[in-house]
file structure_7.cif (mmCIF, C-alpha atoms and all ligand atoms)
data_query
#
loop_
_atom_site.label_atom_id
_atom_site.label_comp_id
_atom_site.auth_asym_id
_atom_site.auth_seq_id
_atom_site.Cartn_x
_atom_site.Cartn_y
_atom_site.Cartn_z
CA MET E 1 0.00 0.00 0.00
CA ARG E 2 1.34 3.38 -0.90
CA ARG E 3 1.30 6.00 1.79
CA ARG E 4 -0.63 9.11 0.92
CA PRO E 5 1.18 12.34 1.59
CA ALA E 6 -0.53 13.41 4.78
CA ASP E 7 -1.92 16.86 5.29
CA ARG E 8 0.27 18.75 7.74
CA ASP E 9 -2.65 19.42 10.05
CA GLN E 10 -3.92 15.86 10.11
CA PRO E 11 -2.88 13.53 12.92
CA VAL E 12 -0.39 11.00 11.59
CA ASP E 13 -1.40 7.36 11.78
CA ARG E 14 1.92 5.79 12.78
CA ARG E 15 0.53 2.31 12.05
CA ALA E 16 0.33 3.25 8.39
CA HIS E 17 4.14 3.08 8.33
CA HIS E 18 4.00 -0.67 8.76
CA HIS E 19 2.32 -0.93 5.37
CA LEU E 20 4.67 1.52 3.75
CA ARG E 21 5.55 0.55 0.25
CA ARG E 22 9.30 0.20 0.11
CA THR E 23 9.80 0.61 -3.62
CA GLY E 24 8.91 3.53 -5.82
CA MET E 25 8.97 5.98 -2.95
CA LYS E 26 9.15 9.70 -3.53
CA ILE E 27 12.40 10.81 -1.88
CA GLY E 28 13.87 14.27 -1.48
CA ILE E 29 17.57 14.75 -0.73
CA LEU E 30 19.12 17.96 0.60
CA GLY E 31 22.84 18.04 -0.12
CA THR E 32 24.63 16.75 -3.19
CA GLY E 33 28.11 16.38 -1.73
CA ALA E 34 30.08 13.20 -1.26
CA ILE E 35 27.23 11.39 0.49
CA GLY E 36 24.21 13.05 -1.15
CA ALA E 37 25.46 12.32 -4.67
CA THR E 38 25.94 8.59 -3.97
CA LEU E 39 22.57 8.47 -2.21
CA THR E 40 20.93 9.98 -5.28
CA GLN E 41 22.52 7.39 -7.57
CA ARG E 42 21.75 4.36 -5.39
CA LEU E 43 18.20 5.29 -4.41
CA SER E 44 17.37 6.12 -8.04
CA ALA E 45 18.86 2.82 -9.21
CA ALA E 46 16.71 1.05 -6.60
CA GLY E 47 13.59 2.43 -8.28
CA HIS E 48 12.78 5.42 -6.10
CA GLU E 49 11.70 8.76 -7.52
CA VAL E 50 14.42 11.11 -6.29
CA LYS E 51 14.78 14.90 -6.38
CA VAL E 52 17.78 16.66 -4.91
CA ALA E 53 18.86 20.18 -4.00
CA ASN E 54 21.95 21.94 -2.77
CA SER E 55 22.20 25.48 -1.39
CA ARG E 56 23.13 27.17 -4.69
CA GLY E 57 20.43 26.07 -7.10
CA PRO E 58 19.64 23.14 -9.43
CA GLU E 59 21.82 24.39 -12.29
CA THR E 60 24.94 23.98 -10.14
CA ILE E 61 24.41 20.23 -9.55
CA PRO E 62 26.67 18.20 -11.88
CA ASP E 63 25.07 15.79 -14.38
CA GLU E 64 27.06 12.82 -12.95
CA VAL E 65 24.78 12.91 -9.91
CA PHE E 66 21.91 11.76 -12.15
CA THR E 67 23.53 8.89 -14.04
CA ALA E 68 21.03 6.44 -12.50
CA GLY E 69 18.05 8.83 -12.51
CA GLY E 70 16.69 11.51 -10.24
CA ARG E 71 16.47 15.20 -10.93
CA ALA E 72 17.81 18.50 -9.66
CA ALA E 73 15.34 20.77 -7.93
CA ASP E 74 15.07 23.87 -5.79
CA ALA E 75 15.22 23.17 -2.07
CA SER E 76 11.58 24.26 -1.67
CA ASP E 77 10.54 21.70 -4.31
CA VAL E 78 12.57 18.89 -2.68
CA VAL E 79 10.40 18.89 0.45
CA THR E 80 7.07 18.92 -1.42
CA GLY E 81 4.96 15.76 -1.68
CA VAL E 82 7.74 13.37 -0.63
CA ASP E 83 7.48 10.17 1.44
CA ALA E 84 10.96 10.72 2.87
CA LEU E 85 13.57 13.47 3.05
CA VAL E 86 17.26 12.71 3.52
CA VAL E 87 19.28 15.60 4.91
CA SER E 88 22.96 15.32 4.00
CA ILE E 89 24.47 18.73 4.68
CA PRO E 90 27.13 19.92 7.14
CA LEU E 91 25.72 19.73 10.67
CA ASN E 92 26.20 23.44 11.33
CA ARG E 93 23.89 24.23 8.40
CA ILE E 94 21.02 22.16 9.88
CA PRO E 95 19.37 25.15 11.63
CA ASP E 96 19.17 26.91 8.22
CA ILE E 97 16.75 24.30 6.84
CA ARG E 98 14.21 24.38 9.68
CA LEU E 99 11.65 26.37 7.67
CA LEU E 100 12.02 24.00 4.71
CA VAL E 101 11.53 20.96 6.92
CA ASP E 102 8.39 22.59 8.35
CA GLU E 103 6.93 22.27 4.83
CA LEU E 104 7.37 18.46 4.72
CA PRO E 105 4.18 16.40 4.64
CA ALA E 106 3.36 15.35 8.22
CA GLY E 107 3.74 11.65 7.45
CA ALA E 108 7.09 11.96 5.67
CA VAL E 109 10.06 10.28 7.32
CA LEU E 110 13.07 12.54 7.96
CA LEU E 111 16.51 10.94 7.73
CA ASP E 112 19.80 12.60 8.60
CA THR E 113 23.40 11.65 7.75
CA SER E 114 25.22 14.32 9.73
CA ASN E 115 28.17 14.20 12.11
CA TYR E 116 29.62 16.85 14.37
CA TYR E 117 33.17 17.92 13.57
CA PRO E 118 34.07 21.04 15.59
CA MET E 119 37.01 21.72 13.23
CA ARG E 120 34.52 22.06 10.37
CA ASP E 121 31.29 23.05 12.12
CA GLY E 122 32.66 25.34 14.84
CA GLN E 123 32.01 24.62 18.51
CA ILE E 124 28.37 23.89 19.36
CA ALA E 125 28.00 24.13 23.13
CA ALA E 126 25.18 21.61 23.56
CA LEU E 127 27.14 18.96 21.65
CA ASP E 128 30.38 19.76 23.48
CA GLU E 129 28.42 19.24 26.69
CA GLY E 130 27.41 15.78 25.50
CA GLN E 131 23.98 16.09 23.89
CA VAL E 132 23.51 13.18 21.48
CA GLU E 133 23.98 14.56 17.95
CA SER E 134 20.80 13.07 16.47
CA LEU E 135 18.73 14.50 19.33
CA TRP E 136 20.25 17.92 18.70
CA VAL E 137 19.39 17.60 15.00
CA ALA E 138 15.81 16.55 15.84
CA GLU E 139 15.53 19.51 18.19
CA GLN E 140 16.79 21.94 15.55
CA LEU E 141 14.39 20.54 12.93
CA GLY E 142 11.40 20.25 15.25
CA ARG E 143 10.65 16.61 14.45
CA PRO E 144 12.10 13.14 14.97
CA VAL E 145 14.85 11.92 12.68
CA VAL E 146 16.24 8.60 11.53
CA LYS E 147 20.03 8.60 11.87
CA ALA E 148 21.50 6.68 8.93
CA TRP E 149 24.55 6.61 6.64
CA ASN E 150 26.57 8.73 9.09
CA ALA E 151 28.97 5.94 10.03
CA ILE E 152 30.44 5.07 6.63
CA THR E 153 33.14 7.05 4.85
CA ALA E 154 32.20 8.60 1.54
CA GLY E 155 34.86 6.38 -0.06
CA SER E 156 33.47 3.13 1.34
CA PHE E 157 29.91 4.22 0.62
CA SER E 158 30.82 4.80 -2.99
CA ALA E 159 33.06 1.74 -3.50
CA LYS E 160 31.82 -1.04 -1.23
CA ALA E 161 28.14 -1.54 -2.00
CA THR E 162 27.11 -5.15 -2.59
CA VAL E 163 23.84 -6.97 -3.17
CA THR E 164 21.78 -8.27 -0.26
CA GLY E 165 23.11 -11.59 1.02
CA SER E 166 26.69 -11.12 -0.25
CA PRO E 167 29.29 -12.70 2.07
CA ASN E 168 30.98 -10.17 4.40
CA ARG E 169 28.57 -7.46 3.33
CA LEU E 170 29.22 -4.22 5.22
CA ALA E 171 26.54 -2.92 7.56
CA ILE E 172 25.43 0.60 8.44
CA PRO E 173 23.79 1.39 11.80
CA VAL E 174 20.34 2.99 11.75
CA ALA E 175 18.87 4.63 14.86
CA ALA E 176 15.38 6.05 15.41
CA ASP E 177 12.77 6.22 18.15
CA ASP E 178 9.88 5.00 16.01
CA ASP E 179 10.22 1.32 15.07
CA ALA E 180 8.53 1.74 11.70
CA ASP E 181 10.66 4.76 10.81
CA ARG E 182 13.80 2.82 11.77
CA ALA E 183 12.63 -0.13 9.65
CA LEU E 184 12.16 2.22 6.71
CA GLY E 185 15.66 3.64 7.25
CA MET E 186 17.10 0.12 7.29
CA SER E 187 15.24 -0.72 4.11
CA LEU E 188 16.63 2.38 2.38
CA VAL E 189 20.14 1.53 3.60
CA GLU E 190 19.66 -1.91 2.01
CA ASP E 191 18.68 -0.17 -1.21
CA THR E 192 22.03 1.65 -1.16
CA GLY E 193 24.05 -1.58 -1.02
CA PHE E 194 24.62 -2.22 2.70
CA ASP E 195 22.98 -4.19 5.49
CA GLY E 196 20.80 -1.90 7.56
CA TYR E 197 21.59 -2.60 11.22
CA ASP E 198 19.04 -1.84 13.95
CA ALA E 199 21.02 0.38 16.35
CA GLY E 200 18.09 1.25 18.59
CA THR E 201 16.87 4.63 19.75
CA LEU E 202 18.27 8.09 19.14
CA ALA E 203 19.36 8.27 22.79
CA GLU E 204 21.62 5.26 22.07
CA SER E 205 22.96 6.71 18.83
CA TRP E 206 26.02 8.25 20.53
CA ARG E 207 27.36 4.72 19.95
CA GLN E 208 27.61 5.44 16.19
CA GLN E 209 29.06 8.95 16.45
CA PRO E 210 32.59 9.94 15.35
CA GLY E 211 35.24 8.45 17.63
CA THR E 212 33.39 5.23 18.49
CA PRO E 213 34.42 1.70 17.41
CA SER E 214 31.52 1.46 14.93
CA TYR E 215 32.24 4.78 13.22
CA CYS E 216 33.60 4.52 9.69
CA THR E 217 35.45 1.27 10.36
CA ASP E 218 33.80 -0.89 7.64
CA LEU E 219 32.20 -3.63 9.70
CA THR E 220 29.92 -6.55 8.89
CA ARG E 221 26.61 -6.97 10.70
CA GLU E 222 28.19 -9.31 13.30
CA GLU E 223 31.17 -7.02 13.86
CA LEU E 224 28.94 -3.99 14.15
CA ARG E 225 26.92 -5.60 16.94
CA GLY E 226 30.09 -5.94 19.04
CA ALA E 227 31.42 -2.50 18.13
CA LEU E 228 28.22 -0.72 19.18
CA ALA E 229 28.16 -2.68 22.44
CA THR E 230 31.75 -1.85 23.38
CA ALA E 231 31.48 1.93 22.83
CA VAL E 232 32.35 3.84 26.00
CA ALA E 233 30.30 6.95 26.78
CA GLY E 234 32.35 10.15 26.84
CA ARG E 235 35.45 8.68 25.19
CA ALA E 236 34.62 9.47 21.58
CA PRO E 237 35.13 13.25 21.23
CA ARG E 238 38.82 13.10 22.13
CA ARG E 239 39.37 10.19 19.79
CA ARG E 240 37.45 11.96 16.99
CA ASP E 241 39.73 15.00 17.32
CA LEU E 242 42.82 12.82 17.62
CA ALA E 243 41.94 11.01 14.38
CA MET E 244 41.38 14.36 12.65
CA SER E 245 44.84 15.54 13.75
CA VAL E 246 46.50 12.31 12.64
CA ILE E 247 44.77 12.42 9.26
CA ALA E 248 45.67 16.10 8.76
CA GLU E 249 49.32 15.41 9.60
CA LEU E 250 49.65 12.30 7.44
CA THR E 251 47.94 13.81 4.40
CA LYS E 252 49.99 17.03 4.36
CA ASP E 253 52.34 15.56 1.78
CA VAL E 254 49.95 15.02 -1.11
CA THR E 255 52.56 13.09 -3.11
CA ILE E 256 52.21 10.13 -0.73
CA ASP E 257 49.38 7.81 -1.69
CA ARG E 258 48.06 6.33 1.57
CA GLY E 259 45.70 3.94 -0.21
CA ASP E 260 41.94 3.74 -0.45
CA ASP E 261 41.39 2.41 3.04
CA PHE E 262 43.56 4.99 4.80
CA LEU E 263 40.73 6.64 6.75
CA VAL E 264 39.26 3.30 7.77
CA ARG E 265 42.69 2.07 8.97
CA VAL E 266 43.27 5.22 11.06
CA ASN E 267 39.78 4.98 12.53
CA ARG E 268 40.20 1.30 13.43
CA LEU E 269 43.43 2.07 15.24
CA ILE E 270 42.21 5.08 17.19
CA TYR E 271 38.55 4.28 17.85
CA ASN E 272 39.03 0.81 19.35
N1 LIG U 301 32.13 12.75 3.73
C1 LIG U 301 31.96 11.68 4.49
O1 LIG U 301 32.82 10.75 4.50
C2 LIG U 301 30.73 11.54 5.34
C3 LIG U 301 30.36 10.25 5.76
C4 LIG U 301 29.19 10.10 6.49
C5 LIG U 301 28.42 11.20 6.84
N2 LIG U 301 28.83 12.45 6.46
C6 LIG U 301 28.01 13.59 6.91
O2 LIG U 301 27.02 13.82 5.93
C7 LIG U 301 26.82 15.24 5.76
C8 LIG U 301 27.18 15.61 4.33
O3 LIG U 301 28.53 15.28 4.13
P1 LIG U 301 29.25 15.45 2.73
O4 LIG U 301 30.66 14.98 2.93
O5 LIG U 301 28.42 14.86 1.63
O6 LIG U 301 29.24 17.04 2.62
P2 LIG U 301 29.75 17.98 1.46
O7 LIG U 301 30.48 17.16 0.42
O8 LIG U 301 30.43 19.14 2.10
O9 LIG U 301 28.39 18.48 0.78
C9 LIG U 301 27.49 19.24 1.51
C10 LIG U 301 26.28 19.49 0.65
O10 LIG U 301 25.31 20.17 1.46
C11 LIG U 301 24.76 21.22 0.69
N3 LIG U 301 24.19 22.23 1.56
C12 LIG U 301 24.80 22.99 2.51
N4 LIG U 301 23.92 23.81 3.09
C13 LIG U 301 22.72 23.56 2.51
C14 LIG U 301 21.44 24.09 2.69
N5 LIG U 301 21.19 25.04 3.60
N6 LIG U 301 20.43 23.63 1.89
C15 LIG U 301 20.67 22.66 0.97
N7 LIG U 301 21.88 22.11 0.77
C16 LIG U 301 22.89 22.57 1.52
C17 LIG U 301 25.93 21.71 -0.12
O11 LIG U 301 25.45 22.47 -1.19
P3 LIG U 301 26.29 23.75 -1.73
O12 LIG U 301 27.60 23.18 -2.20
O13 LIG U 301 25.44 24.29 -2.83
O14 LIG U 301 26.43 24.67 -0.56
C18 LIG U 301 26.54 20.38 -0.56
O15 LIG U 301 25.85 19.86 -1.67
C19 LIG U 301 27.72 15.92 6.80
O16 LIG U 301 26.99 16.20 7.97
C20 LIG U 301 28.79 14.89 7.08
O17 LIG U 301 29.30 15.00 8.37
C21 LIG U 301 29.94 12.62 5.68
#
call {"tool": "encode", "arguments": {"input": "structure_7.cif", "output": "structure tokens"}}
result
Amino acid sequence: MRRRPADRDQPVDRRAHHHLRRTGMKIGILGTGAIGATLTQRLSAAGHEVKVANSRGPETIPDEVFTAGGRAADASDVVTGVDALVVSIPLNRIPDIRLLVDELPAGAVLLDTSNYYPMRDGQIAALDEGQVESLWVAEQLGRPVVKAWNAITAGSFSAKATVTGSPNRLAIPVAADDDADRALGMSLVEDTGFDGYDAGTLAESWRQQPGTPSYCTDLTREELRGALATAVAGRAPRRRDLAMSVIAELTKDVTIDRGDDFLVRVNRLIYN
């Protein structure tokens, strides 16, 4: 059964999510960077109807983004009439899209890929004080989110997709408070070439933030289970910043090719 775009003022029947049709969904994507571009390609290839926007306008989005389908749109168009919206923009830009997100149909599922990097985003006091990143995002956007695709590097996301059931398939953690929303997130992760792993509620999603054992370390479903369980609260921010410093130092000399898995190798060393 296809979900009808709900009127914003109508109460949302959460049970309807359980019957959500998982193919041919209407999906909006905000952000066409490293992650947003791959999302557009994979979700289009999986048969979804995808429209994407950046901050500068549809004409600035390169054609390569649409090799498997999808179309460029204005940001205001991307939130209209969709079943799901994926936000894939720098975390410090999230407050800028609040008014856009307010225009989403009430029943649409909101997914977010973001991570907090103070070096890039500037210091955000609530996050420095330990607020879980996905809860901060939900607070900024005024509605619950599904946290997905945050814990895979752009390189692995682009290069390591496999079909469902492949041996040693990599898994991506998906956290949300609503079971049906989380199931939808996992299904969309599957569509992008990875096992969707049920990582529980948003309150638990600090376990998949930068600096934790599960973060961008290319793990299978079984490995991910252990990595999420062994995360230690409060340890990650220092390790996140340490990894950033190590990566900055080791990539200064651009003539040295560190190999495709360089980021994953650094993360595995520092985050475990
Ligand atoms: N790179 C990774 O390895 C990786 C992995 C997992 C998760 N993530 C997270 O996913 C998010 C996106 O990462 P990325 O590496 O893809 O970023 P990116 O390459 O820097 O691209 C960011 C995109 O967001 C768009 N954008 C910025 N502000 C916007 C706004 N107000 N409205 C609409 N679009 C806006 C930018 O458009 P303009 O260029 O037009 O401004 C650009 O297309 C970040 O939060 C990041 O932490 C990244």
call {"tool": "closest_residue", "arguments": {"input": "structure_7.cif", "among": "E:Leu111, E:Leu184, E:Ile35, E:Met119", "to": "ligand LIG 301 (chain U)", "atoms": "all atoms listed in the file"}}
result
E:Ile35
call {"tool": "atom_distance", "arguments": {"input": "structure_7.cif", "atom1": "atom CA of Leu85 of chain E", "atom2": "atom CA of Asn115 of chain E"}}
result
17.2 Å
call {"tool": "residues_near_point", "arguments": {"input": "structure_7.cif", "point": "(5.9, 20.5, 4.6)", "cutoff": "7 Å", "atoms": "only C-alpha atoms", "output": "VMD selection string"}}
result
chain E and resid 8 79 to 80 101 to 106
call {"tool": "residues_near_ligand", "arguments": {"input": "structure_7.cif", "ligand": "ligand LIG 301 (chain U)", "cutoff": "6 Å", "atoms": "all atoms listed in the file", "output": "NGL selection string"}}
result
:E and (30-36 or 53-56 or 88-91 or 93 or 96-97 or 113-115 or 149-154)
call {"tool": "closest_residue", "arguments": {"input": "structure_7.cif", "among": "E:Gln209, E:Pro237, E:Arg169, E:Val86", "to": "Glu190 of chain E", "atoms": "all atoms listed in the file"}}
result
E:Arg169
call {"tool": "residues_around", "arguments": {"input": "structure_7.cif", "residues": "Ala176 of chain E", "least_positions_apart": "2", "cutoff": "6 Å", "atoms": "all atoms listed in the file", "output": "NGL selection string"}}
result
:E and (146 or 178 or 182 or 201-202)
call {"tool": "closest_residue", "arguments": {"input": "structure_7.cif", "among": "E:Leu188, E:Val132, E:Ala180, E:Ser214", "to": "Leu43 of chain E", "atoms": "only C-alpha atoms"}}
result
E:Leu188
call {"tool": "residues_around", "arguments": {"input": "structure_7.cif", "residues": "Val266 of chain E", "least_positions_apart": "3", "cutoff": "8 Å", "atoms": "all atoms listed in the file", "output": "list in words"}}
result
Ala243, Val246, Ile247, Phe262, Leu263, Leu269 and Ile270 of chain E
call {"tool": "atom_distance", "arguments": {"input": "structure_7.cif", "atom1": "atom CA of Ala203 of chain E", "atom2": "atom CA of Leu135 of chain E"}}
result
7.2 Å
call {"tool": "residues_around", "arguments": {"input": "structure_7.cif", "residues": "Glu223 of chain E", "least_positions_apart": "2", "cutoff": "10 Å", "atoms": "all atoms listed in the file", "output": "number ranges by chain"}}
result
E: 168, 170-171, 213-214, 217-221, 225-228
call {"tool": "closest_residue", "arguments": {"input": "structure_7.cif", "among": "E:Pro118, E:Gly28, E:Pro167, E:Pro173", "to": "Leu100 of chain E", "atoms": "only C-alpha atoms"}}
result
E:Gly28
call {"tool": "atom_distance", "arguments": {"input": "structure_7.cif", "atom1": "atom CA of Ala72 of chain E", "atom2": "atom CA of Glu59 of chain E"}}
result
7.6 Å
call {"tool": "closest_residue", "arguments": {"input": "structure_7.cif", "among": "E:Gly57, E:Gly47, E:Gly234, E:Gly165", "to": "Gln131 of chain E", "atoms": "only C-alpha atoms"}}
result
E:Gly234
call {"tool": "closest_residue", "arguments": {"input": "structure_7.cif", "among": "E:Asn92, E:Gln41, E:Gln123, E:Ser134", "to": "Arg207 of chain E", "atoms": "all atoms listed in the file"}}
result
E:Ser134
call {"tool": "build_atoms", "arguments": {"input": "structure_7.cif", "residues": "segment 148-159 of chain E", "atoms": "all heavy atoms", "output": "PDB file, in the frame of the given file"}}
result
ATOM      1  N   ALA E 148      21.037   7.738   9.845  1.00  0.00           N
ATOM      2  CA  ALA E 148      21.500   6.680   8.930  1.00  0.00           C
ATOM      3  C   ALA E 148      22.615   7.205   8.041  1.00  0.00           C
ATOM      4  O   ALA E 148      22.715   8.414   7.815  1.00  0.00           O
ATOM      5  CB  ALA E 148      20.337   6.188   8.065  1.00  0.00           C
ATOM      6  N   TRP E 149      23.448   6.308   7.568  1.00  0.00           N
ATOM      7  CA  TRP E 149      24.550   6.610   6.640  1.00  0.00           C
ATOM      8  C   TRP E 149      25.596   7.561   7.228  1.00  0.00           C
ATOM      9  O   TRP E 149      26.439   8.068   6.498  1.00  0.00           O
ATOM     10  CB  TRP E 149      24.044   7.230   5.328  1.00  0.00           C
ATOM     11  CG  TRP E 149      23.175   6.359   4.502  1.00  0.00           C
ATOM     12  CD1 TRP E 149      23.544   5.254   3.795  1.00  0.00           C
ATOM     13  CD2 TRP E 149      21.769   6.540   4.241  1.00  0.00           C
ATOM     14  NE1 TRP E 149      22.460   4.728   3.129  1.00  0.00           N
ATOM     15  CE2 TRP E 149      21.361   5.501   3.379  1.00  0.00           C
ATOM     16  CE3 TRP E 149      20.818   7.477   4.647  1.00  0.00           C
ATOM     17  CZ2 TRP E 149      20.055   5.364   2.926  1.00  0.00           C
ATOM     18  CZ3 TRP E 149      19.524   7.352   4.202  1.00  0.00           C
ATOM     19  CH2 TRP E 149      19.146   6.306   3.345  1.00  0.00           C
ATOM     20  N   ASN E 150      25.546   7.821   8.532  1.00  0.00           N
ATOM     21  CA  ASN E 150      26.570   8.730   9.090  1.00  0.00           C
ATOM     22  C   ASN E 150      27.880   8.011   9.333  1.00  0.00           C
ATOM     23  O   ASN E 150      28.937   8.638   9.367  1.00  0.00           O
ATOM     24  CB  ASN E 150      26.091   9.341  10.423  1.00  0.00           C
ATOM     25  CG  ASN E 150      26.239   8.366  11.584  1.00  0.00           C
ATOM     26  OD1 ASN E 150      25.572   7.322  11.587  1.00  0.00           O
ATOM     27  ND2 ASN E 150      27.101   8.661  12.529  1.00  0.00           N
ATOM     28  N   ALA E 151      27.798   6.665   9.524  1.00  0.00           N
ATOM     29  CA  ALA E 151      28.970   5.940  10.030  1.00  0.00           C
ATOM     30  C   ALA E 151      29.674   5.139   8.939  1.00  0.00           C
ATOM     31  O   ALA E 151      30.194   4.053   9.185  1.00  0.00           O
ATOM     32  CB  ALA E 151      28.557   5.025  11.193  1.00  0.00           C
ATOM     33  N   ILE E 152      29.653   5.686   7.723  1.00  0.00           N
ATOM     34  CA  ILE E 152      30.440   5.070   6.630  1.00  0.00           C
ATOM     35  C   ILE E 152      31.159   6.195   5.903  1.00  0.00           C
ATOM     36  O   ILE E 152      30.570   7.266   5.676  1.00  0.00           O
ATOM     37  CB  ILE E 152      29.526   4.257   5.682  1.00  0.00           C
ATOM     38  CG1 ILE E 152      30.359   3.583   4.586  1.00  0.00           C
ATOM     39  CG2 ILE E 152      28.423   5.117   5.049  1.00  0.00           C
ATOM     40  CD1 ILE E 152      30.003   2.161   4.319  1.00  0.00           C
ATOM     41  N   THR E 153      32.424   5.979   5.575  1.00  0.00           N
ATOM     42  CA  THR E 153      33.140   7.050   4.850  1.00  0.00           C
ATOM     43  C   THR E 153      32.537   7.190   3.462  1.00  0.00           C
ATOM     44  O   THR E 153      31.979   6.232   2.902  1.00  0.00           O
ATOM     45  CB  THR E 153      34.636   6.731   4.688  1.00  0.00           C
ATOM     46  OG1 THR E 153      34.767   5.586   3.841  1.00  0.00           O
ATOM     47  CG2 THR E 153      35.332   6.483   6.018  1.00  0.00           C
ATOM     48  N   ALA E 154      32.700   8.377   2.900  1.00  0.00           N
ATOM     49  CA  ALA E 154      32.200   8.600   1.540  1.00  0.00           C
ATOM     50  C   ALA E 154      32.853   7.615   0.578  1.00  0.00           C
ATOM     51  O   ALA E 154      32.205   7.110  -0.346  1.00  0.00           O
ATOM     52  CB  ALA E 154      32.491  10.042   1.115  1.00  0.00           C
ATOM     53  N   GLY E 155      34.141   7.308   0.812  1.00  0.00           N
ATOM     54  CA  GLY E 155      34.860   6.380  -0.060  1.00  0.00           C
ATOM     55  C   GLY E 155      34.271   4.981  -0.006  1.00  0.00           C
ATOM     56  O   GLY E 155      34.017   4.347  -1.046  1.00  0.00           O
ATOM     57  N   SER E 156      34.038   4.474   1.201  1.00  0.00           N
ATOM     58  CA  SER E 156      33.470   3.130   1.340  1.00  0.00           C
ATOM     59  C   SER E 156      32.028   3.101   0.831  1.00  0.00           C
ATOM     60  O   SER E 156      31.596   2.115   0.216  1.00  0.00           O
ATOM     61  CB  SER E 156      33.505   2.667   2.798  1.00  0.00           C
ATOM     62  OG  SER E 156      34.831   2.513   3.228  1.00  0.00           O
ATOM     63  N   PHE E 157      31.301   4.165   1.070  1.00  0.00           N
ATOM     64  CA  PHE E 157      29.910   4.220   0.620  1.00  0.00           C
ATOM     65  C   PHE E 157      29.861   4.137  -0.904  1.00  0.00           C
ATOM     66  O   PHE E 157      29.033   3.432  -1.476  1.00  0.00           O
ATOM     67  CB  PHE E 157      29.257   5.512   1.120  1.00  0.00           C
ATOM     68  CG  PHE E 157      27.773   5.568   0.904  1.00  0.00           C
ATOM     69  CD1 PHE E 157      26.965   4.464   1.143  1.00  0.00           C
ATOM     70  CD2 PHE E 157      27.165   6.739   0.462  1.00  0.00           C
ATOM     71  CE1 PHE E 157      25.587   4.511   0.944  1.00  0.00           C
ATOM     72  CE2 PHE E 157      25.791   6.804   0.259  1.00  0.00           C
ATOM     73  CZ  PHE E 157      25.009   5.694   0.492  1.00  0.00           C
ATOM     74  N   SER E 158      30.798   4.812  -1.536  1.00  0.00           N
ATOM     75  CA  SER E 158      30.820   4.800  -2.990  1.00  0.00           C
ATOM     76  C   SER E 158      31.330   3.471  -3.550  1.00  0.00           C
ATOM     77  O   SER E 158      30.808   2.984  -4.549  1.00  0.00           O
ATOM     78  CB  SER E 158      31.703   5.968  -3.452  1.00  0.00           C
ATOM     79  OG  SER E 158      31.994   5.861  -4.792  1.00  0.00           O
ATOM     80  N   ALA E 159      32.344   2.875  -2.891  1.00  0.00           N
ATOM     81  CA  ALA E 159      33.060   1.740  -3.500  1.00  0.00           C
ATOM     82  C   ALA E 159      32.629   0.363  -3.002  1.00  0.00           C
ATOM     83  O   ALA E 159      32.927  -0.639  -3.650  1.00  0.00           O
ATOM     84  CB  ALA E 159      34.560   1.908  -3.268  1.00  0.00           C
TER      85      ALA E 159
END
